[in-house]
file protein-v2.txt (compact mmCIF, C-alpha atoms)
# COMPACT_ATOMS: atom_id res chain seq x y z
CA MET A 294 -18.43 -3.50 13.46
CA ASP A 295 -19.98 -1.80 10.44
CA ILE A 296 -18.37 -3.48 7.42
CA ARG A 297 -18.45 -0.17 5.55
CA SER A 298 -15.95 1.27 8.02
CA ILE A 299 -13.48 -1.37 6.81
CA ILE A 300 -14.24 -1.38 3.09
CA SER A 301 -14.51 2.41 2.77
CA PRO A 302 -13.12 4.13 5.88
CA THR A 303 -14.01 7.80 6.29
CA ILE A 304 -12.43 10.58 8.31
CA GLU A 305 -14.72 11.44 11.22
CA ASP A 306 -12.16 13.59 13.03
CA ALA A 307 -9.17 14.80 10.98
CA GLU A 308 -7.24 16.02 14.02
CA GLY A 309 -7.95 12.81 15.87
CA LEU A 310 -6.81 10.73 12.90
CA GLN A 311 -3.47 12.56 12.80
CA THR A 312 -3.07 12.14 16.58
CA PHE A 313 -3.75 8.43 16.22
CA PHE A 314 -1.21 8.10 13.40
CA ASP A 315 1.50 9.90 15.36
CA ALA A 316 1.08 7.49 18.29
CA LEU A 317 0.69 4.47 15.99
CA ILE A 318 4.21 4.82 14.60
CA ASP A 319 5.72 4.38 18.06
CA HIS A 320 3.43 1.46 18.86
CA VAL A 321 4.33 -0.32 15.59
CA LEU A 322 8.05 0.01 16.27
CA ASN A 323 7.54 -1.52 19.73
CA ILE A 324 5.45 -4.35 18.25
CA GLU A 325 8.13 -5.14 15.66
CA ARG A 326 10.77 -5.20 18.40
CA ASP A 327 8.74 -7.49 20.65
CA VAL A 328 7.71 -9.86 17.87
CA SER A 329 11.39 -10.22 16.96
CA ARG A 330 12.18 -11.07 20.59
CA LEU A 331 9.38 -13.62 20.76
CA LYS A 332 10.76 -15.40 17.72
CA ASP A 333 13.89 -16.06 19.78
CA VAL A 334 12.12 -16.79 23.08
CA PRO A 335 8.46 -17.67 22.31
CA GLY A 336 7.47 -18.12 25.96
CA ASP A 337 8.83 -14.87 27.39
CA ARG A 338 5.88 -13.64 29.48
CA ASP A 339 7.20 -10.09 29.85
CA VAL A 340 7.54 -9.66 26.09
CA VAL A 341 4.08 -11.15 25.51
CA ALA A 342 2.67 -8.69 28.06
CA ASN A 343 4.40 -5.77 26.33
CA LEU A 344 3.10 -6.88 22.94
CA PHE A 345 -0.44 -7.23 24.26
CA ARG A 346 -0.23 -3.79 25.87
CA ALA A 347 0.93 -2.16 22.62
CA VAL A 348 -1.96 -3.64 20.62
CA HIS A 349 -4.42 -2.81 23.41
CA ASN A 350 -3.21 0.80 23.34
CA ILE A 351 -3.65 0.96 19.57
CA LYS A 352 -7.21 -0.26 19.95
CA GLY A 353 -7.90 2.25 22.71
CA ASP A 354 -6.36 5.14 20.77
CA ALA A 355 -8.34 4.15 17.67
CA ALA A 356 -11.63 4.10 19.58
CA MET A 357 -10.91 7.46 21.21
CA CYS A 358 -9.89 9.06 17.88
CA LYS A 359 -12.82 7.48 15.98
CA VAL A 360 -10.60 5.44 13.65
CA ASN A 361 -13.01 2.53 13.39
CA PHE A 362 -11.14 0.38 10.86
CA ALA A 363 -8.13 0.40 13.20
CA VAL A 364 -10.32 -0.93 16.02
CA ALA A 365 -11.43 -3.73 13.70
CA ILE A 366 -7.81 -4.65 12.95
CA ALA A 367 -6.50 -4.40 16.51
CA HIS A 368 -9.36 -6.23 18.24
CA PRO A 369 -8.72 -9.78 16.89
CA ILE A 370 -4.95 -9.37 17.34
CA GLU A 371 -5.61 -8.43 20.96
CA GLY A 372 -7.78 -11.54 21.33
CA LEU A 373 -5.06 -13.81 19.92
CA LEU A 374 -2.42 -12.25 22.19
CA SER A 375 -4.74 -12.67 25.17
CA ARG A 376 -4.83 -16.40 24.44
CA LEU A 377 -1.05 -16.41 24.04
CA ARG A 378 -0.67 -14.63 27.38
CA ALA A 379 -2.92 -17.24 29.02
CA GLY A 380 -0.84 -20.08 27.58
CA GLU A 381 -3.66 -21.39 25.37
CA VAL A 382 -1.70 -21.06 22.13
CA VAL A 383 1.95 -21.17 21.06
CA PHE A 384 3.69 -18.35 19.22
CA SER A 385 4.91 -19.24 15.69
CA ASP A 386 6.69 -17.58 12.78
CA LEU A 387 3.52 -17.54 10.69
CA ALA A 388 1.47 -15.99 13.50
CA ALA A 389 4.20 -13.39 13.87
CA GLU A 390 4.17 -12.71 10.14
CA ALA A 391 0.39 -12.23 10.13
CA ILE A 392 0.54 -9.81 13.07
CA LEU A 393 3.31 -7.78 11.47
CA LEU A 394 1.50 -7.73 8.13
CA ALA A 395 -1.58 -6.41 9.94
CA THR A 396 0.32 -3.60 11.67
CA ASP A 397 2.03 -2.69 8.38
CA ARG A 398 -1.36 -2.49 6.64
CA LEU A 399 -2.77 -0.46 9.54
CA GLU A 400 0.03 2.09 9.26
CA LEU A 401 -0.23 2.31 5.46
CA ALA A 402 -4.02 2.60 5.57
CA THR A 403 -3.95 5.39 8.15
CA ASP A 404 -1.36 7.30 6.14
CA ALA A 405 -3.41 6.83 2.96
CA LEU A 406 -6.59 8.03 4.68
CA ILE A 407 -4.83 11.15 5.91
CA GLY A 408 -3.62 11.77 2.35
CA HIS A 409 -7.11 11.12 0.88
CA ARG A 410 -5.77 8.22 -1.20
CA SER A 411 -7.50 4.96 -2.11
CA LEU A 412 -7.17 2.06 0.34
CA ASP A 413 -8.44 -0.59 -2.09
CA SER A 414 -5.04 -2.19 -2.73
CA LEU A 415 -4.50 -2.80 1.00
CA ARG A 416 -7.32 -5.38 1.15
CA LEU A 417 -8.46 -4.45 4.64
CA LEU A 418 -11.60 -6.61 4.66
CA PRO A 419 -9.76 -9.92 3.96
CA LEU A 420 -7.19 -8.80 6.53
CA VAL A 421 -9.78 -8.29 9.27
CA GLN A 422 -11.63 -11.49 8.34
CA GLY A 423 -8.37 -13.44 8.44
CA LEU A 424 -7.39 -11.98 11.81
CA GLU A 425 -10.77 -12.90 13.25
CA LYS A 426 -10.36 -16.49 12.05
CA MET A 427 -6.90 -16.63 13.61
CA SER A 428 -8.14 -15.29 16.93
CA ARG A 429 -10.86 -17.97 17.12
CA ALA A 430 -8.92 -20.91 15.65
CA MET A 431 -7.98 -23.99 17.62
CA PRO A 432 -4.29 -23.96 18.62
CA GLU A 433 -3.38 -26.47 15.92
CA GLY A 434 -5.18 -24.40 13.27
CA ILE A 435 -3.66 -20.98 13.91
CA ASP A 436 -0.75 -21.43 11.47
CA ALA A 437 -3.13 -22.51 8.71
CA ALA A 438 -5.33 -19.48 9.39
CA ALA A 439 -2.27 -17.22 9.36
CA SER A 440 -1.12 -18.71 6.07
CA ALA A 441 -4.54 -18.17 4.51
CA LEU A 442 -4.58 -14.57 5.75
CA ILE A 443 -1.17 -13.81 4.27
CA GLU A 444 -2.16 -15.26 0.89
CA SER A 445 -5.52 -13.44 0.77
CA VAL A 446 -3.92 -10.08 1.55
CA THR A 447 -0.63 -10.29 -0.34
CA GLY A 448 -1.34 -12.86 -3.05
CA PHE A 449 1.66 -14.95 -1.95
CA LYS A 450 1.29 -18.44 -0.53
CA ALA A 451 2.73 -19.27 2.87
CA ALA A 452 2.33 -22.89 3.96
CA ALA A 453 1.71 -23.57 7.64
CA SER A 454 4.95 -24.33 9.47
CA THR A 455 3.56 -27.47 11.08
CA SER A 456 2.91 -29.12 7.73
CA LEU A 457 5.66 -27.81 5.50
CA PRO A 458 7.31 -30.53 3.42
CA LYS A 459 11.07 -30.84 3.41
CA GLY A 460 13.17 -29.35 0.68
CA LYS A 461 12.55 -26.36 -1.57
CA ALA A 462 9.19 -25.33 -0.08
CA VAL A 463 10.69 -24.89 3.38
CA SER A 464 13.55 -22.84 1.97
CA SER A 465 11.17 -20.66 -0.04
CA SER A 466 8.89 -20.02 2.93
CA ARG A 467 11.77 -19.13 5.20
CA LYS A 468 13.20 -16.87 2.53
CA ASN A 469 9.89 -14.98 2.23
CA LEU A 470 9.73 -14.56 6.00
CA GLN A 471 13.33 -13.32 6.06
CA VAL A 472 12.60 -10.78 3.33
CA ALA A 473 9.63 -9.50 5.32
CA ASP A 474 11.78 -9.27 8.45
CA ASP A 475 14.45 -7.36 6.53
CA LEU A 476 11.92 -4.90 5.13
CA ARG A 477 10.52 -4.13 8.57
CA PHE A 478 14.05 -3.60 9.88
CA PHE A 479 14.90 -1.31 6.95
CA ARG A 480 11.69 0.65 7.47
CA ALA A 481 12.47 1.08 11.16
CA ILE A 482 15.87 2.53 10.24
CA ALA A 483 14.22 4.95 7.79
CA LEU A 484 11.72 6.11 10.38
CA GLN A 485 14.47 6.64 12.95
CA SER A 486 16.39 8.74 10.42
CA GLU A 487 13.23 10.64 9.58
CA ALA A 488 12.74 11.48 13.25
CA ARG A 489 15.99 13.49 13.30
CA SER A 490 14.16 16.55 11.96
CA PRO A 491 10.50 17.64 12.15
CA LEU A 492 10.80 18.70 8.50
CA PHE A 493 11.18 15.04 7.49
CA LYS A 494 7.93 13.84 9.09
CA GLY A 495 6.14 11.50 6.68
CA ARG A 496 9.01 11.68 4.17
CA THR A 497 9.55 7.91 3.98
CA ASN A 498 5.94 7.13 3.13
CA ARG A 499 5.74 9.93 0.57
CA ILE A 500 8.87 8.85 -1.30
CA LEU A 501 7.89 5.17 -1.13
CA ARG A 502 4.44 5.83 -2.59
CA LEU A 503 5.80 7.96 -5.42
CA ALA A 504 8.58 5.49 -6.25
CA LEU A 505 6.33 2.42 -6.32
CA GLU A 506 3.56 4.17 -8.27
CA THR A 507 6.03 5.62 -10.78
CA ASN A 508 7.52 2.16 -11.28
CA GLN A 509 4.03 0.75 -11.82
CA ALA A 510 3.12 3.54 -14.25
CA GLY A 511 6.32 2.79 -16.19
CA GLY A 512 5.59 -0.90 -16.60
CA LYS A 513 7.06 -2.34 -13.38
CA LYS A 514 10.58 -2.58 -14.79
CA VAL A 515 12.09 -2.59 -11.29
CA ASP A 516 11.61 -5.25 -8.63
CA GLN A 517 9.18 -3.66 -6.16
CA VAL A 518 10.82 -5.15 -3.06
CA GLN A 519 14.31 -4.07 -4.10
CA LEU A 520 12.99 -0.57 -4.85
CA GLU A 521 11.22 -0.41 -1.49
CA THR A 522 14.45 -1.34 0.28
CA ALA A 523 16.36 1.32 -1.66
CA VAL A 524 13.81 3.94 -0.61
CA TYR A 525 14.20 2.99 3.05
CA LEU A 526 18.00 2.97 3.03
CA HIS A 527 19.15 5.37 0.31
CA ASP A 528 19.93 8.09 2.83
CA VAL A 529 21.17 5.92 5.70
CA GLY A 530 24.71 7.01 4.82
CA MET A 531 23.69 10.52 5.89
CA MET A 532 23.63 9.30 9.47
CA LEU A 533 27.39 8.75 9.25
CA LEU A 534 27.91 12.42 8.39
CA PRO A 535 27.84 15.35 10.82
CA GLU A 536 24.33 16.72 11.33
CA SER A 537 25.70 20.15 10.45
CA VAL A 538 26.14 18.83 6.90
CA TRP A 539 23.02 16.83 6.13
CA LEU A 540 20.58 19.05 8.02
CA LYS A 541 22.06 22.29 6.71
CA VAL A 542 19.50 24.66 5.20
CA GLY A 543 21.82 27.30 3.67
CA ARG A 544 24.51 27.10 1.01
CA MET A 545 27.16 24.40 1.52
CA THR A 546 30.90 24.87 1.31
CA ASP A 547 32.91 22.84 -1.22
CA GLU A 548 34.20 20.67 1.61
CA GLU A 549 30.66 19.97 2.85
CA LYS A 550 29.53 19.09 -0.66
CA LEU A 551 32.41 16.62 -1.00
CA SER A 552 31.48 15.06 2.33
CA LEU A 553 27.83 14.81 1.30
CA ARG A 554 28.74 12.97 -1.90
CA SER A 555 30.08 10.06 0.14
CA HIS A 556 26.68 9.06 1.52
CA PRO A 557 25.47 6.83 -1.37
CA GLY A 558 28.64 4.76 -1.11
CA TYR A 559 28.28 4.33 2.65
CA ALA A 560 24.66 3.19 2.34
CA ALA A 561 25.24 0.90 -0.65
CA GLY A 562 28.24 -0.67 1.06
CA LEU A 563 26.16 -1.57 4.09
CA VAL A 564 23.27 -3.00 2.06
CA GLN A 565 25.56 -4.96 -0.26
CA ARG A 566 26.86 -6.91 2.71
CA MET A 567 23.37 -8.32 3.32
CA GLU A 568 22.36 -11.38 1.31
CA GLY A 569 19.72 -10.83 -1.35
CA TRP A 570 19.85 -7.03 -1.61
CA ASP A 571 22.39 -6.49 -4.40
CA GLU A 572 19.91 -4.70 -6.66
CA ALA A 573 18.81 -2.40 -3.83
CA ALA A 574 22.48 -1.60 -3.19
CA ARG A 575 22.93 -0.78 -6.88
CA ILE A 576 19.93 1.55 -6.85
CA ILE A 577 21.23 3.29 -3.74
CA SER A 578 24.75 3.70 -5.09
CA GLN A 579 23.48 5.24 -8.35
CA HIS A 580 20.57 7.41 -7.25
CA HIS A 581 22.62 10.62 -7.54
CA GLU A 582 24.00 9.77 -11.00
CA MET A 583 22.72 11.79 -13.99
CA PRO A 584 22.15 10.75 -17.61
CA ASP A 585 24.66 13.35 -18.83
CA GLY A 586 27.40 12.06 -16.52
CA ALA A 587 27.36 15.07 -14.19
CA GLY A 588 26.20 13.06 -11.18
CA TYR A 589 28.09 11.19 -8.49
CA PRO A 590 29.86 9.14 -7.23
CA ALA A 591 30.89 7.38 -10.48
CA GLY A 592 29.80 9.85 -13.18
CA LEU A 593 27.70 7.20 -14.95
CA THR A 594 25.72 8.06 -18.06
CA GLY A 595 22.51 6.93 -19.77
CA ASP A 596 21.79 3.20 -19.70
CA ALA A 597 24.66 2.55 -17.28
CA ILE A 598 22.32 3.87 -14.58
CA CYS A 599 19.75 1.30 -13.47
CA ASP A 600 16.02 2.09 -13.73
CA GLY A 601 15.51 1.92 -9.97
CA ALA A 602 18.12 4.62 -9.44
CA LYS A 603 16.51 6.79 -12.14
CA ILE A 604 13.14 6.54 -10.38
CA LEU A 605 14.60 7.23 -6.95
CA ALA A 606 16.51 10.25 -8.26
CA ILE A 607 13.28 11.85 -9.50
CA VAL A 608 11.11 11.22 -6.44
CA ASP A 609 13.90 12.13 -4.02
CA ALA A 610 14.48 15.44 -5.83
CA PHE A 611 10.75 16.13 -5.91
CA GLU A 612 10.53 15.64 -2.15
CA ALA A 613 13.53 17.92 -1.62
CA VAL A 614 11.92 20.69 -3.67
CA MET A 615 8.64 20.22 -1.81
CA LEU A 616 10.45 20.79 1.48
CA LYS A 617 12.25 23.82 0.09
CA HIS A 618 8.98 25.48 -0.93
CA ILE A 619 6.67 24.16 1.82
CA HIS A 620 6.23 27.68 3.22
CA ARG A 621 4.30 28.54 0.03
CA GLY A 622 1.48 26.18 0.93
CA LYS A 623 0.92 22.59 -0.15
CA ASN A 624 -0.74 23.14 -3.54
CA ARG A 625 1.78 25.66 -4.74
CA SER A 626 4.60 23.45 -3.46
CA VAL A 627 3.42 20.56 -5.63
CA LEU A 628 3.17 22.74 -8.72
CA ARG A 629 6.54 24.35 -8.05
CA ALA A 630 8.21 21.00 -7.42
CA ILE A 631 6.83 19.30 -10.53
CA ALA A 632 7.80 22.30 -12.66
CA GLU A 633 11.33 22.27 -11.27
CA VAL A 634 11.77 18.54 -11.84
CA ASN A 635 10.52 18.79 -15.42
CA ALA A 636 12.79 21.74 -16.11
CA CYS A 637 15.94 19.73 -15.29
CA ASP A 638 16.45 18.19 -18.74
CA ASN A 639 19.87 16.70 -18.02
CA GLN A 640 19.43 15.67 -14.39
CA PHE A 641 16.75 13.01 -14.77
CA ALA A 642 16.03 10.12 -17.13
CA PRO A 643 13.44 11.36 -19.67
CA GLU A 644 11.86 7.90 -19.98
CA TRP A 645 10.76 8.06 -16.34
CA ILE A 646 9.57 11.68 -16.26
CA GLY A 647 6.35 10.76 -18.10
CA PRO A 648 5.32 8.01 -15.66
CA PHE A 649 6.25 10.25 -12.72
CA ASN A 650 4.16 13.12 -14.11
CA SER A 651 1.16 10.81 -14.48
CA VAL A 652 1.43 9.82 -10.82
CA ILE A 653 1.64 13.45 -9.68
CA ARG A 654 -1.27 14.38 -11.94
CA ARG A 655 -3.45 11.72 -10.31
CA THR A 656 -2.34 12.95 -6.87
CA ILE A 657 -3.31 16.55 -7.61
CA GLU A 658 -6.60 15.68 -9.31
CA GLY A 659 -7.50 13.10 -6.66
call {"tool": "encode", "arguments": {"input": "protein-v2.txt", "output": "structure tokens"}}
result
Amino acid sequence: MDIRSIISPTIEDAEGLQTFFDALIDHVLNIERDVSRLKDVPGDRDVVANLFRAVHNIKGDAAMCKVNFAVAIAHPIEGLLSRLRAGEVVFSDLAAEAILLATDRLELATDALIGHRSLDSLRLLPLVQGLEKMSRAMPEGIDAAASALIESVTGFKAAASTSLPKGKAVSSSRKNLQVADDLRFFRAIALQSEARSPLFKGRTNRILRLALETNQAGGKKVDQVQLETAVYLHDVGMMLLPESVWLKVGRMTDEEKLSLRSHPGYAAGLVQRMEGWDEAARIISQHHEMPDGAGYPAGLTGDAICDGAKILAIVDAFEAVMLKHIHRGKNRSVLRAIAEVNACDNQFAPEWIGPFNSVIRRTIEG
């Protein structure tokens, strides 16, 4: 494998890349489902076979569509799963975490390549190198290799499960794994919601990128993980409303507007019942509030609205305007959307408009 195809992937076939990405989303959802099942029953041969088949299909699709970096990621995972299928190695939480991290990075990298964005932050080379070490490691060394991979890609340490000391370290490691599991589950929900309408295709990734980059441009005042969760689940309450309301294109009746205003409360209520996501629930519940008090559901003003909700309000509105004007063509849609967001003096927090504008400016110029 040419190392340049991993460090600096290029688009050899734009149509093929999009075809690969469309199929990849389904494969990743199946992989997440099967990895979750294997955590409960590590020796289930049928699930192992399904998991191997999904990764093998990703590799085959990538080769056919000339997405070389995806071949490089899928190949060592396929090798590890082949050993698992043959009974040479035992499935573990850390191996599962490394596989899921790899598929997450593969999905994000493909989406970034389609959008002509930088892939540097995804650290694809250490990812591939770590996967290759895992695939070749002795059975007793796979967890250590997985731990090293996770740290090299994410910057967070994850001690091997076979050598974890008792006490706080075990709790911390398990907590990190649980957070990662939760995020994948939340993302799966968002993608299922997104699939309800062809207009929403790619919406989750677009809003997530804008929210995280705006937060970074504004000094990282909001916990990135809590903000990511809020992005995934802020509209999950919509799924409890009739489709005639939340997919309506024309003008809404007063009754439909009242019904629509209930969705932040539904979503926040669900998230708040899950341990560790109180801040995400707060962001969700407040993302339709406005600094002048004209928002909903509580009519909060100014500093009573958390920063995460202020960010989400801006990027969510920007996406909505983009969809409304998409028939004008992409470039004009961006200009129209940014102008509309900036014109709403009372609707959005002024302290976050500047960071958001800088992100959009880089997107347009890049």
call {"tool": "residues_around", "arguments": {"input": "protein-v2.txt", "residues": "Ala342 in chain A", "least_positions_apart": "6", "cutoff": "12 Å", "atoms": "all atoms listed in the file", "output": "MDAnalysis selection string"}}
result
chainID A and resid 324 327:328 331 336 348:349 371 374:380
call {"tool": "atom_distance", "arguments": {"input": "protein-v2.txt", "atom1": "CA of Ser440 in chain A", "atom2": "CA of Asp337 in chain A"}}
result
23.8 Å
call {"tool": "atom_distance", "arguments": {"input": "protein-v2.txt", "atom1": "CA of Pro369 in chain A", "atom2": "CA of Gly408 in chain A"}}
result
26.5 Å
call {"tool": "closest_residue", "arguments": {"input": "protein-v2.txt", "among": "A:Thr312, A:Ser301, A:Ser385, A:Asn650", "to": "Glu506 in chain A", "atoms": "only C-alpha atoms"}}
result
A:Asn650
call {"tool": "residues_around", "arguments": {"input": "protein-v2.txt", "residues": "Leu417 in chain A", "least_positions_apart": "4", "cutoff": "8 Å", "atoms": "only C-alpha atoms", "output": "PyMOL selection string"}}
result
chain A and resi 299-300+398+412-413+421+446
call {"tool": "atom_distance", "arguments": {"input": "protein-v2.txt", "atom1": "CA of Ala574 in chain A", "atom2": "CA of Gly562 in chain A"}}
result
7.2 Å
call {"tool": "decode", "arguments": {"input": "protein-v2.txt", "residues": "range 569-631 of chain A", "atoms": "C-alpha atoms", "output": "PDB file, in the first residue's frame"}}
result
ATOM      1  CA  GLY A 569     -23.497  11.084  32.459  1.00  0.00           C
ATOM      2  CA  TRP A 570     -25.369  13.093  29.823  1.00  0.00           C
ATOM      3  CA  ASP A 571     -26.910  15.906  31.891  1.00  0.00           C
ATOM      4  CA  GLU A 572     -25.079  18.644  29.989  1.00  0.00           C
ATOM      5  CA  ALA A 573     -26.122  17.181  26.635  1.00  0.00           C
ATOM      6  CA  ALA A 574     -29.720  17.125  27.884  1.00  0.00           C
ATOM      7  CA  ARG A 575     -29.412  20.785  28.889  1.00  0.00           C
ATOM      8  CA  ILE A 576     -28.078  21.730  25.458  1.00  0.00           C
ATOM      9  CA  ILE A 577     -30.913  19.858  23.771  1.00  0.00           C
ATOM     10  CA  SER A 578     -33.613  21.368  25.957  1.00  0.00           C
ATOM     11  CA  GLN A 579     -32.362  24.920  25.303  1.00  0.00           C
ATOM     12  CA  HIS A 580     -31.347  24.851  21.645  1.00  0.00           C
ATOM     13  CA  HIS A 581     -34.511  26.696  20.546  1.00  0.00           C
ATOM     14  CA  GLU A 582     -34.214  29.400  23.226  1.00  0.00           C
ATOM     15  CA  MET A 583     -33.267  32.938  22.099  1.00  0.00           C
ATOM     16  CA  PRO A 584     -31.231  35.625  23.878  1.00  0.00           C
ATOM     17  CA  ASP A 585     -34.205  38.015  23.829  1.00  0.00           C
ATOM     18  CA  GLY A 586     -36.513  35.478  25.481  1.00  0.00           C
ATOM     19  CA  ALA A 587     -38.626  34.819  22.381  1.00  0.00           C
ATOM     20  CA  GLY A 588     -37.577  31.182  22.111  1.00  0.00           C
ATOM     21  CA  TYR A 589     -39.011  27.997  23.571  1.00  0.00           C
ATOM     22  CA  PRO A 590     -39.833  25.994  25.628  1.00  0.00           C
ATOM     23  CA  ALA A 591     -38.877  28.081  28.695  1.00  0.00           C
ATOM     24  CA  GLY A 592     -38.390  31.575  27.252  1.00  0.00           C
ATOM     25  CA  LEU A 593     -34.855  31.826  28.667  1.00  0.00           C
ATOM     26  CA  THR A 594     -32.728  34.902  28.047  1.00  0.00           C
ATOM     27  CA  GLY A 595     -29.038  35.759  27.691  1.00  0.00           C
ATOM     28  CA  ASP A 596     -26.655  33.922  30.008  1.00  0.00           C
ATOM     29  CA  ALA A 597     -29.402  31.590  31.229  1.00  0.00           C
ATOM     30  CA  ILE A 598     -28.913  29.739  27.937  1.00  0.00           C
ATOM     31  CA  CYS A 599     -25.873  27.456  27.967  1.00  0.00           C
ATOM     32  CA  ASP A 600     -23.115  27.914  25.371  1.00  0.00           C
ATOM     33  CA  GLY A 601     -23.712  24.498  23.821  1.00  0.00           C
ATOM     34  CA  ALA A 602     -27.332  25.389  23.116  1.00  0.00           C
ATOM     35  CA  LYS A 603     -26.263  28.730  21.597  1.00  0.00           C
ATOM     36  CA  ILE A 604     -23.888  26.934  19.220  1.00  0.00           C
ATOM     37  CA  LEU A 605     -26.426  24.288  18.281  1.00  0.00           C
ATOM     38  CA  ALA A 606     -29.084  26.925  17.623  1.00  0.00           C
ATOM     39  CA  ILE A 607     -26.841  28.645  15.066  1.00  0.00           C
ATOM     40  CA  VAL A 608     -25.649  25.563  13.174  1.00  0.00           C
ATOM     41  CA  ASP A 609     -29.099  23.961  13.198  1.00  0.00           C
ATOM     42  CA  ALA A 610     -30.654  27.124  11.751  1.00  0.00           C
ATOM     43  CA  PHE A 611     -27.892  27.386   9.156  1.00  0.00           C
ATOM     44  CA  GLU A 612     -28.579  23.823   8.017  1.00  0.00           C
ATOM     45  CA  ALA A 613     -32.311  24.537   7.842  1.00  0.00           C
ATOM     46  CA  VAL A 614     -31.732  27.582   5.634  1.00  0.00           C
ATOM     47  CA  MET A 615     -29.346  25.593   3.439  1.00  0.00           C
ATOM     48  CA  LEU A 616     -32.075  23.026   2.840  1.00  0.00           C
ATOM     49  CA  LYS A 617     -34.625  25.737   2.128  1.00  0.00           C
ATOM     50  CA  HIS A 618     -32.447  27.291  -0.576  1.00  0.00           C
ATOM     51  CA  ILE A 619     -30.707  24.161  -1.919  1.00  0.00           C
ATOM     52  CA  HIS A 620     -32.469  24.558  -5.276  1.00  0.00           C
ATOM     53  CA  ARG A 621     -30.369  27.702  -5.834  1.00  0.00           C
ATOM     54  CA  GLY A 622     -27.158  25.692  -6.019  1.00  0.00           C
ATOM     55  CA  LYS A 623     -24.633  24.948  -3.299  1.00  0.00           C
ATOM     56  CA  ASN A 624     -22.537  28.138  -3.394  1.00  0.00           C
ATOM     57  CA  ARG A 625     -25.491  30.475  -3.389  1.00  0.00           C
ATOM     58  CA  SER A 626     -27.114  28.407  -0.630  1.00  0.00           C
ATOM     59  CA  VAL A 627     -24.099  28.934   1.637  1.00  0.00           C
ATOM     60  CA  LEU A 628     -24.051  32.667   1.012  1.00  0.00           C
ATOM     61  CA  ARG A 629     -27.805  32.958   1.484  1.00  0.00           C
ATOM     62  CA  ALA A 630     -27.731  30.900   4.677  1.00  0.00           C
ATOM     63  CA  ILE A 631     -24.858  32.795   6.288  1.00  0.00           C
TER      64      ILE A 631
END
